[in-house]
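Taking it in order: structure first as structure tokens, then the write-up.
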Amino acid sequence: MSTTRRLRPGAPVASAPPPGARPVQPGLDELGTPLQDVTFVVVDLETTGGRAGEDAITEIGAVKVRGGEVLGEFQTLVDPGGPVPPYIQVLTGITTSMLVGAPTIAEVLPSFLEFARDSVLVAHNAPFDVGFLRAAAARLERPWPGFQVVDTVRLARRVVPRDEAPNHKLGTLAALFGAQVTPNHRALSDARATVDVLHALLGRLAPWGITHLEDLATATDPVPGDVRRRRTLADGLPDAPGVYLFRGPGDEVLYVGVSTTSLRRRVRSYFTSAEKRGRMTEMVRIAERVDPVVCATPLEARVRELRLIAEHAPRYNRRSRAPERMPWVRLTDEPFPRLSVVRDVRAGTAHIGPFASRAVAQQAVDALNATFPVRQCTGRLPVVPAPGASACVLAEVGRCGAPCVGGQDAAAYRPVADAVRSAMSGDPHDVVRTHAARIRTLVVQERFEEAAGVRDRLTAYVRGAARAQRHANAARCRELVAARRTDDGGWELVLVRHGRLAGTAVVDRATDPRPAVASLRAGGEHVPAPVAPATAAHPEETDLLLAWLEQPGVRLVELDGEWSSPVRSAQAVRDAAAAVAVALVAPPAPLVDDTPPASAPERRHTA
């Protein structure tokens, strides 16, 4: 069995139901576990003191309930292995003599854990009671089960205001809610009273939308009531990876997000204290529904998120919405080329980028200008200088050959342009060496802030050049199919064309993947060739695909084009700071090993 997906621009997103469609009521397994189906074990302890690591348990009382019905009770005295302090005897009525002959905690704890198995533990001031039980288990070297724990004190603080009760002690709440049992500092009586308090608190939480066990886990979060009540927007969402779209009035897409595991769990987190961004709380308050887009794999989900953000430009997303606004650095195509920050890519000249901002792009320009005597004036220069032209200060200090006044003709300027072009599309060695020497000088002079500025300038150049070189490789590759093993032994197949995800397929372990590869190639999205180094996709999409392809275990299955990287390139300089350190210690040494490049053939089939 295989699932194949073809990705196209503007893929339809679930919105309004089609005409004649019938509404479907989500099942309880989609919503969670209703509280009436949850088995609670309400427990209370009496102890010799308040320190779990030093004091001991003297009595355990517990009541098992489900759906308001008592299923069983557990009560026993426990020999603490020593005398009970007098003030504890006065408080609880449990004397040292009463515990003579009582079972030890080593005998009692296994029985209690069996009684509470597969339940949710409830206690009034749960950290105290559960802390003693966990400490006892640790002393006995018994593993502690992963109980979900509910603290009725914390629940009461959310729903019982101070003007209704002066405090949240068990006796106060039992009187407020009319509990059938009055707590008296004996374990079973206090546990019975806590049962009535729990049921009363759950009744108050229901209007807040706390009706399932999953809700109860976050019921004590400091979340505004109007936000919590909107958690029903997550009802019915699939437990699968994909993209979700919060939609507001007029069907406006407010926010696009991604989940690589479970759409339902991720969307639910927006209605709990886990979400701390104020703008997200504002967005949730005006959202009217959430549309899911289920994806076969986490990679597909991340790509679809980028495309939907670019398509809808949601006002609450801060990621790059418009890839066309990401700047590049270009070496202009003219007799005396210069560096320019531009918005597009043109054939026939060198580019680096794209960059996140114009400021970062300018840092990369400054790095190249600091290394090569390339002209920095912005106008286009004629081949023959104009009469009366004057040179700038860079010519006076020897940083420019002054072609504007005839100091260099086009032939003399060509080696300068060629060196810049090589640094942009190939070897960064000259730029790194120049900046390493400058950093060395500044550090010796203890001008550390200026040295940091030089480092940032170099980093901008290296990252921009490496990105352009990586993207150029992908842009020129007409088609690539790669595969990676899934956790269940199947295959995740990815089709990439000119740096764009053109399709995905998931094949289970019992299915031959070769027909799926053929189907994927035949049905994949047609992608026109772009102008390299720009790819046919959002730059961040290409980055995602390249990162996926570089994962351990990814296999190249089909290739139409070339897939190679030169050894001496900016891609080899992963860390500009580390490259500077190498240049400072051993300047003559090459930045990378001179290993012959690994180049794929023009057409490759890998079994």
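Identifiers for the structure tokens are assigned positionally: chains receive A, B, ... in sequence, residues are indexed from 1 per chain, and ligands are indexed from 1 in the order shown.
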Using DSSP secondary structure from the backbone, list all strand (DSSP E or B) positions within segment 117-320 of chain A, as a list in words.
Val120, Leu121, Val122, Ala123, Gln148, Val149, Val150, Asp151, His212, Gly242, Val243, Tyr244, Leu245, Phe246, Arg247, Val253, Leu254, Tyr255, Val256, Gly257, Val258, Ser259, Arg289, Val290, Asp291, Pro292, Val293 and Val294 of chain A
Just write the chosen residues, N, CA, C and O atoms, as an mmCIF file, in the first residue's frame.
```cif
data_model
loop_
_atom_site.group_PDB
_atom_site.id
_atom_site.type_symbol
_atom_site.label_atom_id
_atom_site.label_comp_id
_atom_site.auth_asym_id
_atom_site.auth_seq_id
_atom_site.Cartn_x
_atom_site.Cartn_y
_atom_site.Cartn_z
ATOM 1 N N VAL A 120 -6.490 7.732 37.504
ATOM 2 C CA VAL A 120 -5.959 9.068 37.717
ATOM 3 C C VAL A 120 -5.961 9.338 39.217
ATOM 4 O O VAL A 120 -7.006 9.222 39.869
ATOM 5 N N LEU A 121 -4.802 9.665 39.784
ATOM 6 C CA LEU A 121 -4.718 9.933 41.218
ATOM 7 C C LEU A 121 -5.242 11.345 41.514
ATOM 8 O O LEU A 121 -4.922 12.299 40.799
ATOM 9 N N VAL A 122 -6.031 11.458 42.567
ATOM 10 C CA VAL A 122 -6.561 12.741 43.009
ATOM 11 C C VAL A 122 -6.230 12.895 44.488
ATOM 12 O O VAL A 122 -6.368 11.937 45.264
ATOM 13 N N ALA A 123 -5.833 14.080 44.886
ATOM 14 C CA ALA A 123 -5.572 14.351 46.301
ATOM 15 C C ALA A 123 -5.753 15.837 46.552
ATOM 16 O O ALA A 123 -5.623 16.656 45.637
ATOM 17 N N GLN A 148 -1.361 10.072 36.038
ATOM 18 C CA GLN A 148 -1.763 11.466 35.917
ATOM 19 C C GLN A 148 -2.335 11.883 37.267
ATOM 20 O O GLN A 148 -3.086 11.130 37.885
ATOM 21 N N VAL A 149 -1.971 13.070 37.725
ATOM 22 C CA VAL A 149 -2.347 13.519 39.063
ATOM 23 C C VAL A 149 -3.198 14.778 38.969
ATOM 24 O O VAL A 149 -2.886 15.696 38.189
ATOM 25 N N VAL A 150 -4.269 14.812 39.751
ATOM 26 C CA VAL A 150 -5.142 15.982 39.828
ATOM 27 C C VAL A 150 -5.123 16.493 41.265
ATOM 28 O O VAL A 150 -5.300 15.716 42.205
ATOM 29 N N ASP A 151 -4.883 17.776 41.408
ATOM 30 C CA ASP A 151 -4.824 18.408 42.732
ATOM 31 C C ASP A 151 -6.091 19.235 42.922
ATOM 32 O O ASP A 151 -6.300 20.233 42.219
ATOM 33 N N HIS A 212 -13.388 16.731 29.411
ATOM 34 C CA HIS A 212 -12.625 15.545 29.075
ATOM 35 C C HIS A 212 -11.327 15.524 29.877
ATOM 36 O O HIS A 212 -10.867 16.558 30.371
ATOM 37 N N GLY A 242 0.469 17.677 9.751
ATOM 38 C CA GLY A 242 -0.163 18.508 8.738
ATOM 39 C C GLY A 242 -0.071 19.977 9.066
ATOM 40 O O GLY A 242 0.707 20.405 9.918
ATOM 41 N N VAL A 243 -0.897 20.757 8.370
ATOM 42 C CA VAL A 243 -0.936 22.205 8.507
ATOM 43 C C VAL A 243 -2.328 22.602 8.977
ATOM 44 O O VAL A 243 -3.318 21.975 8.594
ATOM 45 N N TYR A 244 -2.405 23.619 9.814
ATOM 46 C CA TYR A 244 -3.703 24.112 10.282
ATOM 47 C C TYR A 244 -3.802 25.601 9.975
ATOM 48 O O TYR A 244 -2.823 26.339 10.032
ATOM 49 N N LEU A 245 -5.015 26.023 9.620
ATOM 50 C CA LEU A 245 -5.284 27.410 9.291
ATOM 51 C C LEU A 245 -6.370 27.936 10.215
ATOM 52 O O LEU A 245 -7.500 27.438 10.198
ATOM 53 N N PHE A 246 -6.032 28.901 11.055
ATOM 54 C CA PHE A 246 -7.038 29.603 11.850
ATOM 55 C C PHE A 246 -7.722 30.615 10.934
ATOM 56 O O PHE A 246 -7.061 31.463 10.323
ATOM 57 N N ARG A 247 -9.041 30.533 10.851
ATOM 58 C CA ARG A 247 -9.803 31.453 10.001
ATOM 59 C C ARG A 247 -10.701 32.331 10.864
ATOM 60 O O ARG A 247 -11.313 31.863 11.829
ATOM 61 N N VAL A 253 -7.792 34.096 6.515
ATOM 62 C CA VAL A 253 -6.779 33.245 7.138
ATOM 63 C C VAL A 253 -5.962 34.107 8.089
ATOM 64 O O VAL A 253 -5.226 35.002 7.661
ATOM 65 N N LEU A 254 -6.122 33.840 9.386
ATOM 66 C CA LEU A 254 -5.439 34.634 10.397
ATOM 67 C C LEU A 254 -4.027 34.126 10.667
ATOM 68 O O LEU A 254 -3.105 34.908 10.893
ATOM 69 N N TYR A 255 -3.875 32.795 10.650
ATOM 70 C CA TYR A 255 -2.583 32.224 11.044
ATOM 71 C C TYR A 255 -2.469 30.839 10.423
ATOM 72 O O TYR A 255 -3.442 30.081 10.358
ATOM 73 N N VAL A 256 -1.275 30.517 9.964
ATOM 74 C CA VAL A 256 -0.968 29.192 9.427
ATOM 75 C C VAL A 256 0.134 28.594 10.280
ATOM 76 O O VAL A 256 1.169 29.227 10.511
ATOM 77 N N GLY A 257 -0.098 27.390 10.759
ATOM 78 C CA GLY A 257 0.897 26.704 11.583
ATOM 79 C C GLY A 257 1.071 25.272 11.126
ATOM 80 O O GLY A 257 0.330 24.769 10.272
ATOM 81 N N VAL A 258 2.036 24.592 11.701
ATOM 82 C CA VAL A 258 2.354 23.229 11.289
ATOM 83 C C VAL A 258 2.517 22.352 12.512
ATOM 84 O O VAL A 258 2.978 22.813 13.576
ATOM 85 N N SER A 259 2.131 21.105 12.383
ATOM 86 C CA SER A 259 2.412 20.098 13.397
ATOM 87 C C SER A 259 3.006 18.889 12.693
ATOM 88 O O SER A 259 2.427 18.382 11.729
ATOM 89 N N ARG A 289 -12.891 29.230 13.137
ATOM 90 C CA ARG A 289 -12.720 27.796 12.898
ATOM 91 C C ARG A 289 -11.262 27.520 12.564
ATOM 92 O O ARG A 289 -10.479 28.442 12.318
ATOM 93 N N VAL A 290 -10.924 26.236 12.566
ATOM 94 C CA VAL A 290 -9.574 25.791 12.207
ATOM 95 C C VAL A 290 -9.705 24.755 11.103
ATOM 96 O O VAL A 290 -10.402 23.748 11.266
ATOM 97 N N ASP A 291 -9.065 24.999 9.963
ATOM 98 C CA ASP A 291 -9.075 24.062 8.841
ATOM 99 C C ASP A 291 -7.800 23.244 8.854
ATOM 100 O O ASP A 291 -6.699 23.812 8.859
ATOM 101 N N PRO A 292 -7.913 21.918 8.838
ATOM 102 C CA PRO A 292 -6.705 21.088 8.788
ATOM 103 C C PRO A 292 -6.353 20.691 7.360
ATOM 104 O O PRO A 292 -7.223 20.527 6.498
ATOM 105 N N VAL A 293 -5.069 20.542 7.100
ATOM 106 C CA VAL A 293 -4.570 19.967 5.852
ATOM 107 C C VAL A 293 -3.655 18.823 6.257
ATOM 108 O O VAL A 293 -2.515 19.040 6.674
ATOM 109 N N VAL A 294 -4.152 17.602 6.180
ATOM 110 C CA VAL A 294 -3.381 16.434 6.606
ATOM 111 C C VAL A 294 -2.288 16.152 5.586
ATOM 112 O O VAL A 294 -2.519 16.197 4.376
#
```
If I take atom CA of Glu141 of chain A and atom CA of Val108 of chain A, how far is one from the other in Å, to one decimal?
14.4 Å
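For Arg231 of chain A, the list of residues within 9 Å, based on only C-alpha atoms and with local chain neighbours fewer than 4 positions off taken out, reads Gly209, Val227, Asp235, Val267, Arg268, Ser269, Tyr270, Phe271 and Thr272 of chain A.
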What lies within 9 Å of Pro34 of chain A using only C-alpha atoms, ignoring chain neighbours under 5 positions off, as a PDB file with all heavy atoms, in the first residue's frame?
```
ATOM      1  N   LEU A  28     -15.969  10.056  20.185  1.00  0.00           N
ATOM      2  CA  LEU A  28     -15.344  10.391  21.466  1.00  0.00           C
ATOM      3  C   LEU A  28     -13.846  10.155  21.427  1.00  0.00           C
ATOM      4  O   LEU A  28     -13.093  10.823  22.124  1.00  0.00           O
ATOM      5  CB  LEU A  28     -15.981   9.552  22.584  1.00  0.00           C
ATOM      6  CG  LEU A  28     -17.439   9.897  22.922  1.00  0.00           C
ATOM      7  CD1 LEU A  28     -17.948   8.977  24.007  1.00  0.00           C
ATOM      8  CD2 LEU A  28     -17.573  11.347  23.339  1.00  0.00           C
ATOM      9  N   THR A 211     -14.505  19.124  30.022  1.00  0.00           N
ATOM     10  CA  THR A 211     -15.403  17.966  30.035  1.00  0.00           C
ATOM     11  C   THR A 211     -14.674  16.663  29.739  1.00  0.00           C
ATOM     12  O   THR A 211     -15.306  15.598  29.800  1.00  0.00           O
ATOM     13  CB  THR A 211     -16.509  18.158  28.987  1.00  0.00           C
ATOM     14  OG1 THR A 211     -15.898  18.360  27.694  1.00  0.00           O
ATOM     15  CG2 THR A 211     -17.384  19.364  29.323  1.00  0.00           C
ATOM     16  N   HIS A 212     -13.388  16.731  29.411  1.00  0.00           N
ATOM     17  CA  HIS A 212     -12.625  15.545  29.075  1.00  0.00           C
ATOM     18  C   HIS A 212     -11.327  15.524  29.877  1.00  0.00           C
ATOM     19  O   HIS A 212     -10.867  16.558  30.371  1.00  0.00           O
ATOM     20  CB  HIS A 212     -12.304  15.508  27.577  1.00  0.00           C
ATOM     21  CG  HIS A 212     -13.507  15.298  26.712  1.00  0.00           C
ATOM     22  ND1 HIS A 212     -14.456  16.267  26.531  1.00  0.00           N
ATOM     23  CD2 HIS A 212     -13.920  14.211  25.999  1.00  0.00           C
ATOM     24  CE1 HIS A 212     -15.410  15.799  25.723  1.00  0.00           C
ATOM     25  NE2 HIS A 212     -15.101  14.563  25.396  1.00  0.00           N
ATOM     26  N   LEU A 213     -10.758  14.343  29.981  1.00  0.00           N
ATOM     27  CA  LEU A 213      -9.533  14.185  30.771  1.00  0.00           C
ATOM     28  C   LEU A 213      -8.415  15.065  30.236  1.00  0.00           C
ATOM     29  O   LEU A 213      -7.650  15.639  31.010  1.00  0.00           O
ATOM     30  CB  LEU A 213      -9.105  12.718  30.759  1.00  0.00           C
ATOM     31  CG  LEU A 213      -7.833  12.378  31.551  1.00  0.00           C
ATOM     32  CD1 LEU A 213      -8.000  12.730  33.024  1.00  0.00           C
ATOM     33  CD2 LEU A 213      -7.478  10.902  31.373  1.00  0.00           C
ATOM     34  N   GLU A 214      -8.332  15.191  28.915  1.00  0.00           N
ATOM     35  CA  GLU A 214      -7.293  16.020  28.320  1.00  0.00           C
ATOM     36  C   GLU A 214      -7.460  17.487  28.728  1.00  0.00           C
ATOM     37  O   GLU A 214      -6.485  18.221  28.857  1.00  0.00           O
ATOM     38  CB  GLU A 214      -7.322  15.888  26.801  1.00  0.00           C
ATOM     39  CG  GLU A 214      -6.865  14.530  26.277  1.00  0.00           C
ATOM     40  CD  GLU A 214      -7.903  13.424  26.469  1.00  0.00           C
ATOM     41  OE1 GLU A 214      -9.070  13.725  26.832  1.00  0.00           O
ATOM     42  OE2 GLU A 214      -7.554  12.257  26.265  1.00  0.00           O
TER      43      GLU A 214
END
```
Quick one: of A:Trp563, A:Phe372, A:Phe448, A:Phe177, who's nearest to Ala193 of chain A, counting only C-alpha atoms?
A:Phe177
Could you tell me, as a PDB file with C-alpha atoms, in the first residue's frame, which residues of segment 366-541 of chain A DSSP assigns to helix (DSSP H, G or I) when given the backbone?
```pdb
ATOM      1  CA  ASP A 366      30.986  45.280   2.682  1.00  0.00           C
ATOM      2  CA  ALA A 367      32.906  42.016   3.165  1.00  0.00           C
ATOM      3  CA  LEU A 368      33.615  41.730  -0.556  1.00  0.00           C
ATOM      4  CA  ASN A 369      34.449  45.442  -0.875  1.00  0.00           C
ATOM      5  CA  ALA A 370      36.917  45.110   2.007  1.00  0.00           C
ATOM      6  CA  THR A 371      38.678  42.254   0.208  1.00  0.00           C
ATOM      7  CA  VAL A 393      38.532  58.973  -1.920  1.00  0.00           C
ATOM      8  CA  LEU A 394      38.873  55.195  -2.416  1.00  0.00           C
ATOM      9  CA  ALA A 395      41.198  55.824  -5.358  1.00  0.00           C
ATOM     10  CA  GLU A 396      43.286  58.160  -3.240  1.00  0.00           C
ATOM     11  CA  PRO A 403      38.233  53.407 -13.832  1.00  0.00           C
ATOM     12  CA  CYS A 404      35.989  56.469 -13.603  1.00  0.00           C
ATOM     13  CA  VAL A 405      38.927  58.709 -14.567  1.00  0.00           C
ATOM     14  CA  ALA A 410      38.129  47.404 -18.956  1.00  0.00           C
ATOM     15  CA  ALA A 411      40.928  44.876 -19.556  1.00  0.00           C
ATOM     16  CA  ALA A 412      42.821  45.953 -16.419  1.00  0.00           C
ATOM     17  CA  TYR A 413      39.626  45.908 -14.344  1.00  0.00           C
ATOM     18  CA  ARG A 414      38.616  42.438 -15.514  1.00  0.00           C
ATOM     19  CA  PRO A 415      40.880  40.510 -13.055  1.00  0.00           C
ATOM     20  CA  VAL A 416      39.270  42.411 -10.175  1.00  0.00           C
ATOM     21  CA  ALA A 417      35.787  41.440 -11.343  1.00  0.00           C
ATOM     22  CA  ASP A 418      36.907  37.847 -11.921  1.00  0.00           C
ATOM     23  CA  ALA A 419      38.263  37.608  -8.351  1.00  0.00           C
ATOM     24  CA  VAL A 420      34.974  38.908  -6.942  1.00  0.00           C
ATOM     25  CA  ARG A 421      33.018  36.512  -9.137  1.00  0.00           C
ATOM     26  CA  SER A 422      35.150  33.592  -7.946  1.00  0.00           C
ATOM     27  CA  ALA A 423      34.613  34.527  -4.298  1.00  0.00           C
ATOM     28  CA  MET A 424      30.862  34.710  -4.859  1.00  0.00           C
ATOM     29  CA  SER A 425      30.437  31.436  -6.723  1.00  0.00           C
ATOM     30  CA  HIS A 429      39.579  31.798   0.867  1.00  0.00           C
ATOM     31  CA  ASP A 430      40.608  35.375   0.026  1.00  0.00           C
ATOM     32  CA  VAL A 431      37.681  36.920   1.911  1.00  0.00           C
ATOM     33  CA  VAL A 432      38.275  34.770   4.989  1.00  0.00           C
ATOM     34  CA  ARG A 433      42.014  35.519   5.026  1.00  0.00           C
ATOM     35  CA  THR A 434      41.449  39.259   4.708  1.00  0.00           C
ATOM     36  CA  HIS A 435      38.937  39.332   7.550  1.00  0.00           C
ATOM     37  CA  ALA A 436      41.020  37.031   9.736  1.00  0.00           C
ATOM     38  CA  ALA A 437      43.967  39.428   9.438  1.00  0.00           C
ATOM     39  CA  ARG A 438      41.748  42.384  10.280  1.00  0.00           C
ATOM     40  CA  ILE A 439      40.300  40.606  13.309  1.00  0.00           C
ATOM     41  CA  ARG A 440      43.806  39.718  14.488  1.00  0.00           C
ATOM     42  CA  THR A 441      44.836  43.380  14.344  1.00  0.00           C
ATOM     43  CA  LEU A 442      41.725  44.594  16.174  1.00  0.00           C
ATOM     44  CA  VAL A 443      42.030  41.957  18.900  1.00  0.00           C
ATOM     45  CA  VAL A 444      45.677  42.892  19.528  1.00  0.00           C
ATOM     46  CA  PHE A 448      36.768  43.952  20.458  1.00  0.00           C
ATOM     47  CA  GLU A 449      33.523  45.602  19.331  1.00  0.00           C
ATOM     48  CA  GLU A 450      35.040  46.446  15.948  1.00  0.00           C
ATOM     49  CA  ALA A 451      36.376  42.885  15.693  1.00  0.00           C
ATOM     50  CA  ALA A 452      32.841  41.588  16.308  1.00  0.00           C
ATOM     51  CA  GLY A 453      31.575  43.816  13.506  1.00  0.00           C
ATOM     52  CA  VAL A 454      34.174  42.381  11.117  1.00  0.00           C
ATOM     53  CA  ARG A 455      33.155  38.872  12.182  1.00  0.00           C
ATOM     54  CA  ASP A 456      29.465  39.628  11.503  1.00  0.00           C
ATOM     55  CA  ARG A 457      30.342  41.024   8.075  1.00  0.00           C
ATOM     56  CA  LEU A 458      32.263  37.867   7.205  1.00  0.00           C
ATOM     57  CA  THR A 459      29.447  35.660   8.527  1.00  0.00           C
ATOM     58  CA  ALA A 460      26.896  37.431   6.317  1.00  0.00           C
ATOM     59  CA  TYR A 461      29.072  36.879   3.253  1.00  0.00           C
ATOM     60  CA  VAL A 462      29.839  33.219   4.003  1.00  0.00           C
ATOM     61  CA  ARG A 463      26.204  32.324   4.678  1.00  0.00           C
ATOM     62  CA  GLY A 464      24.966  34.177   1.599  1.00  0.00           C
ATOM     63  CA  ALA A 465      27.575  32.607  -0.657  1.00  0.00           C
ATOM     64  CA  ALA A 466      26.995  29.122   0.740  1.00  0.00           C
ATOM     65  CA  ARG A 467      23.234  29.453   0.310  1.00  0.00           C
ATOM     66  CA  ALA A 468      23.576  30.602  -3.282  1.00  0.00           C
ATOM     67  CA  GLN A 469      25.951  27.767  -4.114  1.00  0.00           C
ATOM     68  CA  ARG A 470      23.691  25.155  -2.527  1.00  0.00           C
ATOM     69  CA  HIS A 471      20.599  26.558  -4.201  1.00  0.00           C
ATOM     70  CA  ALA A 472      22.303  26.808  -7.585  1.00  0.00           C
ATOM     71  CA  ASN A 473      23.067  23.107  -7.432  1.00  0.00           C
ATOM     72  CA  ALA A 474      19.404  22.327  -6.697  1.00  0.00           C
ATOM     73  CA  ALA A 475      18.089  24.838  -9.248  1.00  0.00           C
ATOM     74  CA  ARG A 476      19.991  23.195 -12.105  1.00  0.00           C
ATOM     75  CA  PRO A 513       8.683   0.983  -3.750  1.00  0.00           C
ATOM     76  CA  ARG A 514       9.732   0.952  -7.424  1.00  0.00           C
ATOM     77  CA  PRO A 515       6.194   1.286  -8.881  1.00  0.00           C
ATOM     78  CA  ALA A 516       5.575   4.106  -6.388  1.00  0.00           C
ATOM     79  CA  VAL A 517       8.716   5.866  -7.648  1.00  0.00           C
ATOM     80  CA  ALA A 518       7.515   5.547 -11.237  1.00  0.00           C
ATOM     81  CA  SER A 519       4.061   6.834 -10.286  1.00  0.00           C
ATOM     82  CA  LEU A 520       5.564   9.705  -8.347  1.00  0.00           C
ATOM     83  CA  ARG A 521       7.673  10.803 -11.298  1.00  0.00           C
ATOM     84  CA  ALA A 522       4.799  10.502 -13.738  1.00  0.00           C
ATOM     85  CA  GLY A 523       2.335  12.419 -11.591  1.00  0.00           C
ATOM     86  CA  PRO A 539      14.179  29.854  -0.450  1.00  0.00           C
ATOM     87  CA  GLU A 540      13.142  28.362   2.886  1.00  0.00           C
ATOM     88  CA  GLU A 541      11.460  25.458   1.071  1.00  0.00           C
TER      89      GLU A 541
END
```
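Near segment 485-492 of chain A, within a cut-off of 7 Å and counting only C-alpha atoms, sit the residues Ala505, Val506, Val507, Asp508 and Arg509 of chain A, with same-chain residues fewer than 3 positions away left out.
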Using only N, CA and C atoms, please write the residues we just selected to a file, as a PDB file, in the first residue's frame.
```pdb
ATOM      1  N   ALA A 505       5.567  10.476  -1.504  1.00  0.00           N
ATOM      2  CA  ALA A 505       4.876   9.191  -1.420  1.00  0.00           C
ATOM      3  C   ALA A 505       5.357   8.451  -0.194  1.00  0.00           C
ATOM      4  N   VAL A 506       4.459   7.703   0.423  1.00  0.00           N
ATOM      5  CA  VAL A 506       4.800   6.859   1.560  1.00  0.00           C
ATOM      6  C   VAL A 506       4.434   5.422   1.202  1.00  0.00           C
ATOM      7  N   VAL A 507       5.387   4.525   1.324  1.00  0.00           N
ATOM      8  CA  VAL A 507       5.198   3.125   0.960  1.00  0.00           C
ATOM      9  C   VAL A 507       5.428   2.271   2.191  1.00  0.00           C
ATOM     10  N   ASP A 508       4.515   1.341   2.468  1.00  0.00           N
ATOM     11  CA  ASP A 508       4.696   0.495   3.644  1.00  0.00           C
ATOM     12  C   ASP A 508       5.737  -0.581   3.358  1.00  0.00           C
ATOM     13  N   ARG A 509       6.122  -1.287   4.400  1.00  0.00           N
ATOM     14  CA  ARG A 509       7.236  -2.223   4.297  1.00  0.00           C
ATOM     15  C   ARG A 509       6.917  -3.430   3.419  1.00  0.00           C
TER      16      ARG A 509
END
```
Long-range neighbours of Gly426 of chain A as a list in words, 7 Å cut-off, only C-alpha atoms, 6 positions minimum in chain
Arg568, Ser569 and Ala570 of chain A
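Taking only C-alpha atoms, the non-local environment of Arg192 of chain A within 8 Å (same-chain residues fewer than 4 positions away omitted) comprises Val42, Ala62, Val63, Val181, Leu188 and Asp196 of chain A.
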Could you write out the selected residues, including N, CA and C atoms, as a compact mmCIF listing (two decimals), in the first residue's frame?
```
# COMPACT_ATOMS: atom_id res chain seq x y z
N VAL A 42 -9.08 8.64 44.61
CA VAL A 42 -8.87 9.78 45.50
C VAL A 42 -8.18 9.26 46.75
N ALA A 62 -8.13 5.50 50.50
CA ALA A 62 -8.37 5.83 49.09
C ALA A 62 -9.76 5.35 48.68
N VAL A 63 -10.36 6.08 47.75
CA VAL A 63 -11.68 5.75 47.21
C VAL A 63 -11.57 5.75 45.69
N VAL A 181 -19.42 13.59 54.04
CA VAL A 181 -18.49 13.20 55.10
C VAL A 181 -17.71 14.44 55.53
N LEU A 188 -9.22 7.76 55.40
CA LEU A 188 -10.38 7.37 54.59
C LEU A 188 -11.48 8.42 54.64
N ASP A 196 -16.37 14.13 47.22
CA ASP A 196 -17.48 15.07 47.04
C ASP A 196 -16.98 16.43 46.55
```
Using only C-alpha atoms, which of the listed residues (A:Ala174, A:Val43, A:Ala581, A:Val531) sits closest to Pro127 of chain A?
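Checking each candidate against Pro127 of chain A, we get A:Val43 as the closest.
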Which of A:Gly250, A:Val65, A:Leu339, A:Thr182 sits closest to Ile286 of chain A [using only C-alpha atoms]
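Looking at the shortest contact to Ile286 of chain A, the residue is A:Gly250.
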